[in-house]
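Colleague: My structure file run.cif, mmCIF, C-alpha atoms, is below:
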data_coords
loop_
_atom_site.label_atom_id
_atom_site.label_comp_id
_atom_site.auth_asym_id
_atom_site.auth_seq_id
_atom_site.Cartn_x
_atom_site.Cartn_y
_atom_site.Cartn_z
CA MET A 271 -16.50 -5.83 -4.64
CA SER A 272 -12.97 -4.65 -5.32
CA ASN A 273 -12.87 -1.37 -7.11
CA PHE A 274 -9.84 -1.93 -9.32
CA GLU A 275 -9.24 -2.34 -13.02
CA VAL A 276 -6.24 -2.86 -15.27
CA GLN A 277 -6.36 -1.94 -18.95
CA ARG A 278 -3.57 -1.99 -21.51
CA HIS A 279 -2.81 -0.41 -24.83
CA ASP A 280 -0.04 -2.04 -26.85
CA PHE A 281 2.55 -0.22 -28.93
CA ARG A 282 4.96 -2.35 -30.98
CA GLU A 283 7.43 -3.70 -28.39
CA GLY A 284 5.79 -1.86 -25.52
CA ALA A 285 2.53 -1.15 -23.78
CA VAL A 286 0.79 1.33 -21.54
CA VAL A 287 -0.92 -0.21 -18.51
CA TYR A 288 -3.72 1.89 -17.06
CA LEU A 289 -4.54 1.36 -13.40
CA HIS A 290 -7.94 2.41 -12.07
CA GLY A 291 -9.22 2.48 -8.51
CA PHE A 292 -7.65 0.95 -5.45
CA LEU A 293 -4.41 -1.05 -5.60
CA ASP A 294 -3.93 -3.01 -2.37
CA ALA A 295 -3.00 -6.54 -1.26
CA HIS A 296 -6.30 -7.81 -2.66
CA THR A 297 -5.97 -6.27 -6.12
CA ALA A 298 -2.15 -6.32 -6.57
CA PRO A 299 -2.18 -9.88 -8.07
CA ARG A 300 -4.17 -8.53 -11.04
CA PHE A 301 -1.54 -5.87 -11.71
CA GLU A 302 1.15 -8.53 -11.30
CA GLU A 303 -0.62 -10.74 -13.84
CA ALA A 304 -0.71 -7.86 -16.34
CA LEU A 305 3.07 -7.38 -16.02
CA VAL A 306 3.74 -11.13 -16.31
CA ASN A 307 1.66 -11.23 -19.51
CA LEU A 308 3.67 -8.37 -21.00
CA ILE A 309 6.96 -10.12 -20.15
CA HIS A 310 5.71 -13.34 -21.75
CA GLU A 311 4.91 -11.35 -24.89
CA ASN A 312 8.44 -9.84 -24.84
CA ARG A 313 7.03 -6.35 -24.34
CA TYR A 314 9.63 -4.72 -22.13
CA LYS A 315 8.89 -1.03 -22.72
CA ILE A 316 6.18 -0.58 -20.16
CA ILE A 317 4.46 2.59 -19.03
CA VAL A 318 2.14 2.43 -16.02
CA ASN A 319 -0.31 5.31 -16.26
CA MET A 320 -1.84 6.01 -12.84
CA ARG A 321 -4.14 8.88 -13.78
CA SER A 322 -7.19 7.01 -12.44
CA LEU A 323 -5.48 5.28 -9.52
CA ASP A 324 -7.06 6.48 -6.28
CA TYR A 325 -5.01 4.50 -3.80
CA ILE A 326 -1.87 2.41 -3.49
CA SER A 327 -0.49 0.41 -0.57
CA SER A 328 2.89 -1.28 -0.27
CA ALA A 329 1.45 -4.41 -1.90
CA GLY A 330 1.08 -2.38 -5.09
CA LEU A 331 4.59 -0.94 -4.77
CA GLY A 332 5.87 -4.48 -4.33
CA VAL A 333 4.69 -5.39 -7.83
CA PHE A 334 6.89 -2.63 -9.25
CA MET A 335 9.87 -4.05 -7.31
CA GLY A 336 9.30 -7.63 -8.37
CA PHE A 337 9.80 -7.24 -12.11
CA ILE A 338 11.85 -4.12 -12.80
CA GLU A 339 15.28 -5.78 -12.80
CA GLU A 340 14.22 -8.56 -15.16
CA ILE A 341 12.69 -5.97 -17.51
CA ARG A 342 15.76 -3.72 -17.39
CA ASP A 343 18.01 -6.71 -18.04
CA LYS A 344 16.05 -7.23 -21.27
CA GLY A 345 16.70 -3.63 -22.30
CA GLY A 346 13.34 -2.29 -21.20
CA ASP A 347 11.99 -0.35 -18.27
CA ILE A 348 8.82 0.33 -16.31
CA LYS A 349 8.13 4.06 -16.43
CA LEU A 350 5.46 5.56 -14.21
CA SER A 351 3.24 8.41 -15.33
CA ASN A 352 0.36 10.66 -14.26
CA LEU A 353 0.61 9.99 -10.52
CA SER A 354 -1.73 12.02 -8.33
CA THR A 355 -0.06 13.87 -5.45
CA LYS A 356 -1.57 11.37 -3.02
CA VAL A 357 -0.18 8.34 -4.85
CA TYR A 358 3.19 10.01 -5.49
CA LYS A 359 3.62 10.61 -1.74
CA VAL A 360 3.51 6.87 -1.05
CA PHE A 361 6.19 6.17 -3.68
CA ASP A 362 8.22 9.04 -2.28
CA LEU A 363 8.07 7.78 1.33
CA LEU A 364 9.90 4.63 0.24
CA GLY A 365 12.46 6.32 -1.99
CA PHE A 366 11.08 5.12 -5.33
CA PRO A 367 11.69 8.40 -7.22
CA ALA A 368 15.46 7.73 -7.08
CA LEU A 369 15.03 4.26 -8.57
CA TYR A 370 12.20 4.63 -11.08
CA ASP A 371 11.59 7.00 -13.97
CA ILE A 372 8.48 8.91 -12.92
CA CYS A 373 7.05 11.11 -15.69
CA GLU A 374 4.37 13.74 -15.29
CA GLU A 375 2.59 12.72 -18.47
CA GLU A 376 2.32 9.49 -20.42
CA GLY A 377 3.53 11.32 -23.55
CA GLN A 378 6.91 12.05 -21.96
CA ALA A 379 7.36 8.38 -21.10
CA ARG A 380 6.42 7.37 -24.65
CA GLU A 381 8.92 9.84 -26.11
CA LYS A 382 11.69 8.35 -23.96
CA PHE A 383 10.78 4.91 -25.26
CA ASN A 384 10.24 6.13 -28.85
CA LEU A 385 6.79 4.56 -28.74
CA MET B 1265 -16.78 18.05 15.64
CA VAL B 1266 -15.15 18.60 19.02
CA ILE B 1267 -14.48 15.47 21.04
CA ASN B 1268 -14.96 16.02 24.74
CA LYS B 1269 -14.79 12.48 25.96
CA LYS B 1270 -13.20 9.35 24.65
CA GLN B 1271 -15.00 7.57 21.83
CA LYS B 1272 -14.47 3.94 21.02
CA PHE B 1273 -15.05 1.98 17.82
CA GLN B 1274 -14.45 -1.62 16.92
CA LEU B 1275 -14.47 -3.63 13.68
CA LYS B 1276 -14.05 -7.37 13.45
CA VAL B 1277 -13.87 -8.94 9.99
CA SER B 1278 -12.76 -12.22 8.43
CA SER B 1279 -9.04 -12.32 7.75
CA LYS B 1280 -9.08 -11.86 3.99
CA THR B 1281 -7.68 -9.18 1.72
CA GLU B 1282 -11.03 -8.37 0.14
CA ASN B 1283 -12.00 -6.85 3.50
CA LEU B 1284 -9.20 -4.26 3.31
CA GLU B 1285 -11.55 -1.88 1.52
CA ILE B 1286 -14.12 -2.18 4.34
CA ILE B 1287 -11.35 -1.62 6.88
CA ARG B 1288 -10.14 1.54 5.11
CA ASP B 1289 -13.72 2.85 4.81
CA PHE B 1290 -14.24 2.21 8.54
CA ILE B 1291 -11.12 4.24 9.38
CA ARG B 1292 -12.00 7.04 6.95
CA ALA B 1293 -15.51 7.26 8.41
CA ILE B 1294 -14.10 7.67 11.93
CA THR B 1295 -11.44 10.22 10.96
CA GLY B 1296 -13.85 12.52 9.09
CA ASN B 1297 -14.89 15.76 10.80
CA ILE B 1298 -12.68 15.46 13.86
CA GLY B 1299 -9.87 17.78 12.81
CA PHE B 1300 -7.56 15.57 10.75
CA ASN B 1301 -6.83 17.00 7.34
CA GLU B 1302 -7.33 14.92 4.21
CA ASP B 1303 -3.62 13.95 4.04
CA SER B 1304 -3.67 12.66 7.60
CA ARG B 1305 -6.88 10.71 7.02
CA GLU B 1306 -5.27 9.01 4.04
CA GLN B 1307 -2.13 8.28 6.05
CA ILE B 1308 -4.09 6.68 8.89
CA ALA B 1309 -6.15 4.53 6.49
CA LEU B 1310 -2.98 3.40 4.70
CA ALA B 1311 -1.18 2.57 7.96
CA VAL B 1312 -4.15 0.48 9.12
CA ASP B 1313 -4.33 -1.24 5.70
CA GLU B 1314 -0.63 -2.15 6.02
CA ALA B 1315 -1.03 -3.47 9.57
CA CYS B 1316 -4.07 -5.56 8.62
CA THR B 1317 -2.39 -6.85 5.45
CA ASN B 1318 0.48 -8.08 7.63
CA VAL B 1319 -1.96 -9.87 9.93
CA ILE B 1320 -3.89 -11.48 7.04
CA LYS B 1321 -0.73 -12.52 5.20
CA HIS B 1322 1.87 -13.31 7.86
CA ALA B 1323 0.07 -13.90 11.17
CA HIS B 1324 -2.92 -15.78 9.71
CA GLY B 1325 -1.36 -17.14 6.49
CA TYR B 1326 -4.48 -16.17 4.46
CA ASP B 1327 -6.72 -18.33 6.67
CA ALA B 1328 -10.12 -16.60 6.24
CA ARG B 1329 -11.57 -18.51 9.21
CA ARG B 1330 -9.46 -16.26 11.45
CA MET B 1331 -10.63 -12.77 12.37
CA VAL B 1332 -8.94 -9.37 12.22
CA GLU B 1333 -9.95 -7.08 15.05
CA ILE B 1334 -9.44 -3.34 14.89
CA ARG B 1335 -10.11 -1.14 17.90
CA VAL B 1336 -10.06 2.63 17.68
CA GLU B 1337 -10.08 5.19 20.48
CA LEU B 1338 -10.51 8.86 19.82
CA ASP B 1339 -9.99 11.70 22.23
CA LYS B 1340 -9.42 15.40 21.73
CA GLU B 1341 -5.69 14.91 21.19
CA LYS B 1342 -5.27 11.75 19.17
CA ILE B 1343 -6.50 8.65 17.45
CA ALA B 1344 -5.18 5.36 18.85
CA ILE B 1345 -5.65 2.19 16.82
CA THR B 1346 -4.95 -1.34 17.98
CA ILE B 1347 -4.92 -4.40 15.74
CA ALA B 1348 -4.68 -7.76 17.46
CA ASP B 1349 -4.12 -11.30 16.22
CA LYS B 1350 -3.33 -14.71 17.65
CA GLY B 1351 -0.90 -15.65 14.90
CA LYS B 1352 2.73 -16.60 14.86
CA GLY B 1353 4.15 -13.14 15.59
CA PHE B 1354 7.54 -11.71 14.66
CA ASP B 1355 10.34 -9.69 16.18
CA PRO B 1356 9.70 -6.04 15.31
CA GLU B 1357 13.09 -4.96 16.63
CA ASN B 1358 14.95 -7.06 14.11
CA LEU B 1359 13.32 -5.59 11.04
CA PRO B 1360 15.83 -3.58 9.04
CA ARG B 1361 14.92 -0.36 7.30
CA PRO B 1362 13.88 -1.46 3.80
CA ASP B 1363 16.49 -1.17 1.09
CA VAL B 1364 14.36 -0.83 -2.04
CA SER B 1365 17.32 -1.08 -4.42
CA ARG B 1366 18.32 -4.42 -2.85
CA TYR B 1367 14.72 -5.65 -2.92
CA ILE B 1368 14.59 -4.80 -6.64
CA HIS B 1369 17.76 -6.81 -7.17
CA GLU B 1370 16.24 -9.74 -5.31
CA ALA B 1371 12.88 -9.30 -7.14
CA ARG B 1372 11.33 -9.16 -3.69
CA MET B 1373 7.75 -7.92 -3.54
CA GLY B 1374 7.27 -7.30 0.17
CA GLY B 1375 8.95 -5.90 3.24
CA LEU B 1376 7.77 -2.29 3.01
CA GLY B 1377 4.63 -2.26 5.17
CA ILE B 1378 6.07 -1.75 8.64
CA HIS B 1379 8.37 1.00 7.47
CA LEU B 1380 5.37 2.74 5.86
CA MET B 1381 3.38 2.44 9.09
CA ARG B 1382 6.23 4.00 11.05
CA SER B 1383 6.53 6.82 8.50
CA LEU B 1384 2.80 7.56 8.44
CA MET B 1385 1.95 7.46 12.16
CA ASP B 1386 3.41 9.33 15.15
CA GLN B 1387 3.87 6.18 17.23
CA VAL B 1388 3.89 2.49 16.37
CA SER B 1389 4.47 -0.14 19.04
CA TYR B 1390 4.18 -3.91 19.29
CA GLU B 1391 3.36 -6.50 21.91
CA ILE B 1392 4.28 -9.91 20.60
CA ASN B 1393 3.12 -13.14 22.29
CA PRO B 1394 3.15 -15.72 19.46
CA GLY B 1395 0.04 -17.90 19.33
CA ILE B 1396 -1.49 -16.06 22.29
CA ARG B 1397 -1.98 -12.44 21.36
CA ASN B 1398 0.07 -10.10 19.20
CA LYS B 1399 -0.84 -6.46 19.11
CA VAL B 1400 0.23 -3.48 17.06
CA SER B 1401 -0.75 -0.07 18.43
CA MET B 1402 -0.55 3.11 16.37
CA ILE B 1403 -1.16 6.69 17.39
CA LYS B 1404 -1.57 9.88 15.40
CA TYR B 1405 -1.94 13.22 17.14
CA LEU B 1406 -4.41 15.81 15.96
CA ASN B 1407 -2.24 18.86 16.56
CA LYS B 1408 0.41 17.54 14.16
CA SER B 1409 -2.20 17.40 11.41
CA ALA B 1410 -2.02 21.03 10.34
#
Mind turning this structure into structure tokens?

Modeller:
Amino acid sequence: MSNFEVQRHDFREGAVVYLHGFLDAHTAPRFEEALVNLIHENRYKIIVNMRSLDYISSAGLGVFMGFIEEIRDKGGDIKLSNLSTKVYKVFDLLGFPALYDICEEEGQAREKFNL
Amino acid sequence: MVINKKQKFQLKVSSKTENLEIIRDFIRAITGNIGFNEDSREQIALAVDEACTNVIKHAHGYDARRMVEIRVELDKEKIAITIADKGKGFDPENLPRPDVSRYIHEARMGGLGIHLMRSLMDQVSYEINPGIRNKVSMIKYLNKSA
């Protein structure tokens, strides 16, 4: 019954991951799996587009914490884009804006990656 | 809706993460039309999600035979939510403020929930009796929800 979906669109050495619905402790493993797959494919330029994400709890934020250092060590990054005000507030409460590149639009993130 | 006398609600569900959505819907249904703005309603639902996730994960170790019990009391000033479990408990006083940059370095994926609860609610308190009854109580006042 979980209302959550992950889709991806690949670009050369990178990919955009689209999150839809509700990201909580029940659905976070599916987002984690998507990131693990990208790492296994050596795609380290990752954009997470949250335009259709309605909700995030700390379990979802934890997925961002779990892989970012490994990805940066490989010369990549996880850039976040299109966060609603509601979702941004949760990232902001925990100080994520100082540690992650949060872009208003996916296009800005792609430009930074040259994707 | 104006609340003249105390109203009580209770939800008891199996201790599994797929019930988090039901738990959040339960909280959102209670907090509608009583004076909380949309931001506050979201904050309360998220705080309860975090508390229940902790119970499911840490206190019950994902044992779906256990139950999560959420009690809510509403009066004209506040919403008070209590979540109880009979799990192993923890020492809330010894939890440091989360250091996200260190967690990133350690590739750690948890440790943020209690800090979020404290940030989102006006009061968060614990009664810990491991194996007997642990309880987290959270309060949010209506007049701070402008």

Colleague: Residues of chain A within 6 Å of chain B, counting only C-alpha atoms, what are they? List them as a ChimeraX atom specification.

Modeller: /A:296,328,332-333,335-336

Colleague: May I have the residues at most 6 Å from (-15.7, 3.0, 15.5) in the file's coordinates, counting all atoms listed in the file, as a list in words?

Modeller: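 Final list of nearby residues, as requested, is Lys1272, Phe1273 and Gln1274 of chain B.
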
Colleague: What residues come out when you apply the PyMOL selection byres ((chain A and resi 288-290) around 10) to this file, written as a ChimeraX atom specification?

Modeller: /A:273-279,285-287,291-293,301,317-325,351

Colleague: Give as a list in words every residue, naming chains and numbers as the document does, that has an atom within 10 Å of (-8.7, 9.6, 24.1), counting all atoms listed in the file.

Modeller: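 Here the neighbourhood of the point contains Ile1267, Asn1268, Lys1269, Lys1270, Gln1271, Lys1272, Val1336, Glu1337, Leu1338, Asp1339, Lys1340, Glu1341, Lys1342, Ile1343 and Ala1344 of chain B.
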
Colleague: What does the file look like for those residues with C-alpha atoms, as a compact mmCIF listing (two decimals), keeping the file's coordinate frame?

Modeller:
# COMPACT_ATOMS: atom_id res chain seq x y z
CA ILE B 1267 -14.48 15.47 21.04
CA ASN B 1268 -14.96 16.02 24.74
CA LYS B 1269 -14.79 12.48 25.96
CA LYS B 1270 -13.20 9.35 24.65
CA GLN B 1271 -15.00 7.57 21.83
CA LYS B 1272 -14.47 3.94 21.02
CA VAL B 1336 -10.06 2.63 17.68
CA GLU B 1337 -10.08 5.19 20.48
CA LEU B 1338 -10.51 8.86 19.82
CA ASP B 1339 -9.99 11.70 22.23
CA LYS B 1340 -9.42 15.40 21.73
CA GLU B 1341 -5.69 14.91 21.19
CA LYS B 1342 -5.27 11.75 19.17
CA ILE B 1343 -6.50 8.65 17.45
CA ALA B 1344 -5.18 5.36 18.85

Colleague: So the first atom is atom CA of B:Asn1301 and the second is atom CA of A:Val357; what is the distance between them in Å, to one decimal place?

Modeller: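 For atom CA of B:Asn1301 relative to atom CA of A:Val357, the distance reads 16.4 Å.
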
Colleague: Step by step, gather every atom of stretch 1372-1384 of chain B that the file lists, find the box along x, y and z that holds them, add 3 Å on each side, and finally give centre and edge lengths in Å to one decimal, as JSON.

Modeller:
{"center_x": 7.1, "center_y": -0.8, "center_z": 3.7, "size_x": 14.5, "size_y": 22.7, "size_z": 20.7}

Colleague: Work out how far atom CA of B:Ile1287 is from atom CA of A:Thr355, in Å to one decimal.

Modeller: 22.8 Å

Colleague: To one decimal place, how far is atom CA of B:Pro1356 from atom CA of A:Phe337 in Å?

Modeller: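 Separation between atom CA of B:Pro1356 and atom CA of A:Phe337: 27.4 Å.
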
Colleague: Can you pull out every residue within 9 Å of B:His1324, counting all atoms listed in the file, but drop anything in the same chain fewer than 2 positions away, and send it as a PDB file with C-alpha atoms, in the coordinates of the input?

Modeller:
ATOM      1  CA  SER B1279      -9.040 -12.320   7.750  1.00  0.00           C
ATOM      2  CA  ASN B1318       0.480  -8.080   7.630  1.00  0.00           C
ATOM      3  CA  VAL B1319      -1.960  -9.870   9.930  1.00  0.00           C
ATOM      4  CA  ILE B1320      -3.890 -11.480   7.040  1.00  0.00           C
ATOM      5  CA  LYS B1321      -0.730 -12.520   5.200  1.00  0.00           C
ATOM      6  CA  HIS B1322       1.870 -13.310   7.860  1.00  0.00           C
ATOM      7  CA  TYR B1326      -4.480 -16.170   4.460  1.00  0.00           C
ATOM      8  CA  ASP B1327      -6.720 -18.330   6.670  1.00  0.00           C
ATOM      9  CA  ALA B1328     -10.120 -16.600   6.240  1.00  0.00           C
ATOM     10  CA  ARG B1330      -9.460 -16.260  11.450  1.00  0.00           C
ATOM     11  CA  MET B1331     -10.630 -12.770  12.370  1.00  0.00           C
ATOM     12  CA  ASP B1349      -4.120 -11.300  16.220  1.00  0.00           C
ATOM     13  CA  LYS B1350      -3.330 -14.710  17.650  1.00  0.00           C
ATOM     14  CA  GLY B1351      -0.900 -15.650  14.900  1.00  0.00           C
ATOM     15  CA  LYS B1352       2.730 -16.600  14.860  1.00  0.00           C
TER      16      LYS B1352
END

Colleague: If you apply the PyMOL selection byres ((chain B and resi 1390) around 12) to this file, what residues do you get, as a VMD selection string?

Modeller: chain B and resid 1315 1345 to 1349 1353 to 1357 1378 1382 1387 to 1389 1391 to 1394 1397 to 1402

Colleague: How would the residues just chosen look if you wrote them out with C-alpha atoms as a PDB file, in the coordinates of the input?

Modeller:
ATOM      1  CA  ALA B1315      -1.030  -3.470   9.570  1.00  0.00           C
ATOM      2  CA  ILE B1345      -5.650   2.190  16.820  1.00  0.00           C
ATOM      3  CA  THR B1346      -4.950  -1.340  17.980  1.00  0.00           C
ATOM      4  CA  ILE B1347      -4.920  -4.400  15.740  1.00  0.00           C
ATOM      5  CA  ALA B1348      -4.680  -7.760  17.460  1.00  0.00           C
ATOM      6  CA  ASP B1349      -4.120 -11.300  16.220  1.00  0.00           C
ATOM      7  CA  GLY B1353       4.150 -13.140  15.590  1.00  0.00           C
ATOM      8  CA  PHE B1354       7.540 -11.710  14.660  1.00  0.00           C
ATOM      9  CA  ASP B1355      10.340  -9.690  16.180  1.00  0.00           C
ATOM     10  CA  PRO B1356       9.700  -6.040  15.310  1.00  0.00           C
ATOM     11  CA  GLU B1357      13.090  -4.960  16.630  1.00  0.00           C
ATOM     12  CA  ILE B1378       6.070  -1.750   8.640  1.00  0.00           C
ATOM     13  CA  ARG B1382       6.230   4.000  11.050  1.00  0.00           C
ATOM     14  CA  GLN B1387       3.870   6.180  17.230  1.00  0.00           C
ATOM     15  CA  VAL B1388       3.890   2.490  16.370  1.00  0.00           C
ATOM     16  CA  SER B1389       4.470  -0.140  19.040  1.00  0.00           C
ATOM     17  CA  GLU B1391       3.360  -6.500  21.910  1.00  0.00           C
ATOM     18  CA  ILE B1392       4.280  -9.910  20.600  1.00  0.00           C
ATOM     19  CA  ASN B1393       3.120 -13.140  22.290  1.00  0.00           C
ATOM     20  CA  PRO B1394       3.150 -15.720  19.460  1.00  0.00           C
ATOM     21  CA  ARG B1397      -1.980 -12.440  21.360  1.00  0.00           C
ATOM     22  CA  ASN B1398       0.070 -10.100  19.200  1.00  0.00           C
ATOM     23  CA  LYS B1399      -0.840  -6.460  19.110  1.00  0.00           C
ATOM     24  CA  VAL B1400       0.230  -3.480  17.060  1.00  0.00           C
ATOM     25  CA  SER B1401      -0.750  -0.070  18.430  1.00  0.00           C
ATOM     26  CA  MET B1402      -0.550   3.110  16.370  1.00  0.00           C
TER      27      MET B1402
END

Colleague: With the PyMOL selection byres ((chain A and resi 294) around 6) as the selection, what would be picked from this file? Answer as a ChimeraX atom specification, please.

Modeller: /A:293,295-298,326-327,329-330

Colleague: List as a count of residues only the protein and nucleic acid residues near stretch 302-313 of chain A, meaning an atom at most 6 Å away when all atoms listed in the file are counted, but skip any in the same chain fewer than 2 places from it.

Modeller: 6

Colleague: Can you complete the atoms of stretch 1369-1382 of chain B to N, CA, C and O atoms and list them as an mmCIF file, in the coordinates of the input?

Modeller:
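As written to disk, out19.cif reads:
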data_model
loop_
_atom_site.group_PDB
_atom_site.id
_atom_site.type_symbol
_atom_site.label_atom_id
_atom_site.label_comp_id
_atom_site.auth_asym_id
_atom_site.auth_seq_id
_atom_site.Cartn_x
_atom_site.Cartn_y
_atom_site.Cartn_z
ATOM 1 N N HIS B 1369 16.760 -5.856 -6.719
ATOM 2 C CA HIS B 1369 17.760 -6.810 -7.170
ATOM 3 C C HIS B 1369 17.332 -8.247 -6.860
ATOM 4 O O HIS B 1369 17.566 -9.170 -7.635
ATOM 5 N N GLU B 1370 16.685 -8.404 -5.722
ATOM 6 C CA GLU B 1370 16.240 -9.740 -5.310
ATOM 7 C C GLU B 1370 14.836 -10.069 -5.836
ATOM 8 O O GLU B 1370 14.293 -11.125 -5.511
ATOM 9 N N ALA B 1371 14.253 -9.150 -6.624
ATOM 10 C CA ALA B 1371 12.880 -9.300 -7.140
ATOM 11 C C ALA B 1371 11.902 -9.587 -5.999
ATOM 12 O O ALA B 1371 10.960 -10.366 -6.116
ATOM 13 N N ARG B 1372 12.157 -8.944 -4.865
ATOM 14 C CA ARG B 1372 11.330 -9.160 -3.690
ATOM 15 C C ARG B 1372 10.114 -8.227 -3.731
ATOM 16 O O ARG B 1372 10.255 -7.055 -4.071
ATOM 17 N N MET B 1373 8.949 -8.739 -3.392
ATOM 18 C CA MET B 1373 7.750 -7.920 -3.540
ATOM 19 C C MET B 1373 7.161 -7.432 -2.226
ATOM 20 O O MET B 1373 6.131 -6.773 -2.219
ATOM 21 N N GLY B 1374 7.818 -7.740 -1.119
ATOM 22 C CA GLY B 1374 7.270 -7.300 0.170
ATOM 23 C C GLY B 1374 8.335 -6.666 1.034
ATOM 24 O O GLY B 1374 9.456 -6.409 0.593
ATOM 25 N N GLY B 1375 7.972 -6.420 2.281
ATOM 26 C CA GLY B 1375 8.950 -5.900 3.240
ATOM 27 C C GLY B 1375 8.897 -4.401 3.445
ATOM 28 O O GLY B 1375 9.775 -3.820 4.075
ATOM 29 N N LEU B 1376 7.845 -3.756 2.923
ATOM 30 C CA LEU B 1376 7.770 -2.290 3.010
ATOM 31 C C LEU B 1376 6.742 -1.809 4.028
ATOM 32 O O LEU B 1376 6.782 -0.658 4.458
ATOM 33 N N GLY B 1377 5.809 -2.694 4.405
ATOM 34 C CA GLY B 1377 4.630 -2.260 5.170
ATOM 35 C C GLY B 1377 4.938 -1.632 6.519
ATOM 36 O O GLY B 1377 4.390 -0.576 6.841
ATOM 37 N N ILE B 1378 5.808 -2.270 7.284
ATOM 38 C CA ILE B 1378 6.070 -1.750 8.640
ATOM 39 C C ILE B 1378 6.788 -0.413 8.584
ATOM 40 O O ILE B 1378 6.494 0.510 9.355
ATOM 41 N N HIS B 1379 7.689 -0.286 7.619
ATOM 42 C CA HIS B 1379 8.370 1.000 7.470
ATOM 43 C C HIS B 1379 7.352 2.095 7.102
ATOM 44 O O HIS B 1379 7.418 3.220 7.625
ATOM 45 N N LEU B 1380 6.418 1.749 6.221
ATOM 46 C CA LEU B 1380 5.370 2.740 5.860
ATOM 47 C C LEU B 1380 4.566 3.137 7.092
ATOM 48 O O LEU B 1380 4.309 4.320 7.323
ATOM 49 N N MET B 1381 4.163 2.135 7.883
ATOM 50 C CA MET B 1381 3.380 2.440 9.090
ATOM 51 C C MET B 1381 4.138 3.402 9.997
ATOM 52 O O MET B 1381 3.571 4.363 10.515
ATOM 53 N N ARG B 1382 5.423 3.137 10.169
ATOM 54 C CA ARG B 1382 6.230 4.000 11.050
ATOM 55 C C ARG B 1382 6.376 5.404 10.466
ATOM 56 O O ARG B 1382 6.490 6.381 11.192
#
